[in-house]
Amino acid sequence: MYLIYDNDQTTFGRRKLISWRDIGSFRPTWLVRVSDMKRVHGSVATLGYCALSYSWNYSGDIVEHENGKSTCDDKGLHKIIKHSWDSDHQGRRVETVTMVKFDTVIQEICRNFGIDYIWYDKVCIDQDDEKSKQEEINQMHNIYKNALFTVVLIPELDPPQSSPSSRNIRFQHDPYDGFCFQQILRSEWCKRMWTLEEAVLSRNMVFVGQAAHFWSHQMTELFFYGRRYDHQRLHPLVEELCTARKEACKVLYFAHRRMSTKEHDKVFALTNIFADTIQIKSNYSLNIRTVLQEFYSNLAKEDLTILYFGQPLVNYPSTMRKYTFLPSWTVFYR
């Protein structure tokens with residue numbers, strides 16, 4: 001899949017101001033310097049950094065190999081759309097489309113959001129070095145937790161042409177917010193396990209679509225206004241992303257519905273979410289059952305909500321719908 005990014009973005013919501021306290025001292029091992037898209041040591045980002053969250057399917061054509069590994073073949077078919085006024089001063093806007101590679105789209109987005117340094121796995125993790133890869137996976141919870149904000153790529157996010165084009169639109173007054181949020185829920189990003197980890201750990205996110213974007217810190221407002229759209233789906237996701245305490249039962253509720261390339265990936269992504277309470281190092285050489293047993297036995301010592309059971313939504317009266325978010329750990333692996 002290839003991205004389309006329109007420079008003339010519609011903004012839903014207001015950008016959250018960043019204070020000096022948000023910068024912190026943690027830096028990833030490697031970062032990408034936006035000015036030239038070169039990989040540099042994380043220590044050079046004295047004023048902080050941002051992170052990128054996306055599905056690998058968005059970066060180009062995914063090629064599956066016989067050894068079980070997959071690579072991305074970026075044919076440079078991503079599109080950046082820019083607008084300008086025509087030279088004959090007749091008031092017409094001219095649209096220019098440029099075909100680029102994935103990294104160039106990321107550079108354009110970062111420039112538009114004033115990002116100097118960004119972390120993303122395609123460049124900052126050596127996919128061919130298993131030792132280095134495992135070390136980076138073990139610290140991904142720190143990478144996303146300490147980023148100033150996370151840029152989330154949602155190419156499926158494309159609001160109607162009639163949507164407002166003015167900046168700083170408040171959710172409760174905008175009739176298109178629910179429509180955009182439904183597109184996010186149905187996106188490939190919402191189906192992957194690693195992106196769940198990134199979403200839960202990020203302090204703030206900006207969802208970037210083809211021609212629109214909005215900020216996650218206003219999701220609470222979207223929930224209250226969005227009841228008439230899809231209350232049962234909006235509530236748990238908004239609640240999970242907007243609350244500081246990550247209960248195991250709610251995280252597992254979403255994990256059961258997420259996909260991963262390898263079975264181990266799902267467990268290690270969950271391990272990163274709960275890294276503050278359990279300490280498990282990623283090791284792809286271990287049997288998956290051994291990994292699962294270690295993860296759940298450690299998590300149970302800290303959070304017994306993993307034992308909660310839920311039933312299909314139709315089995316609950318309206319006053320007890322919240323209990324559908326309590327899965328059993330036995331559903332995770334059979």
# chains A, B, ... in the order shown; residues from 1 in each chain; ligands from 1

$ select_by_dssp --residues "range 1-226 of chain A" --states "strand (DSSP E)" --output "number ranges by chain"
A: 4-6, 10-12, 30-33, 38-41, 50-53, 61-64, 70-73, 78-85, 93-100, 117-119, 150-153, 205-208, 212-215

$ residues_around --residues "range 45-48 of chain A" --least-positions-apart "2" --cutoff "9 Å" --atoms "only C-alpha atoms" --output "list in words"
Trp20, Asp22, Ile23, Gly24, Ser25, Phe26, Arg27, Leu31, Arg33, His41, Gly42, Ser43, Cys50, Asp116, Tyr117, Asn146, Ala147 and Leu148 of chain A

$ atom_distance --atom1 "CA of Asn272 in chain A" --atom2 "CA of Asn138 in chain A"
7.0 Å

$ closest_residue --among "A:Ile280, A:Cys72, A:Ala212, A:Met99" --to "Leu153 in chain A" --atoms "only C-alpha atoms"
A:Ala212

$ residues_around --residues "range 53-62 of chain A" --least-positions-apart "6" --cutoff "6 Å" --atoms "only C-alpha atoms" --output "VMD selection string"
chain A and resid 1 to 2 71 to 74 102 152 to 153 189

$ select_by_dssp --residues "range 33-228 of chain A" --states "helix (DSSP H, G or I)" --output "number ranges by chain"
A: 42-44, 56-59, 102-112, 121-124, 130-138, 140-146, 171-173, 177-185, 188-191, 193-201, 216-225, 227-228

$ atom_distance --atom1 "CA of Tyr253 in chain A" --atom2 "CA of Glu136 in chain A"
25.9 Å

$ atom_distance --atom1 "CA of Asn142 in chain A" --atom2 "CA of Val32 in chain A"
16.9 Å

$ closest_residue --among "A:Ile81, A:Val63, A:Ile273, A:Asp121" --to "Ala211 in chain A" --atoms "only C-alpha atoms"
A:Ile81
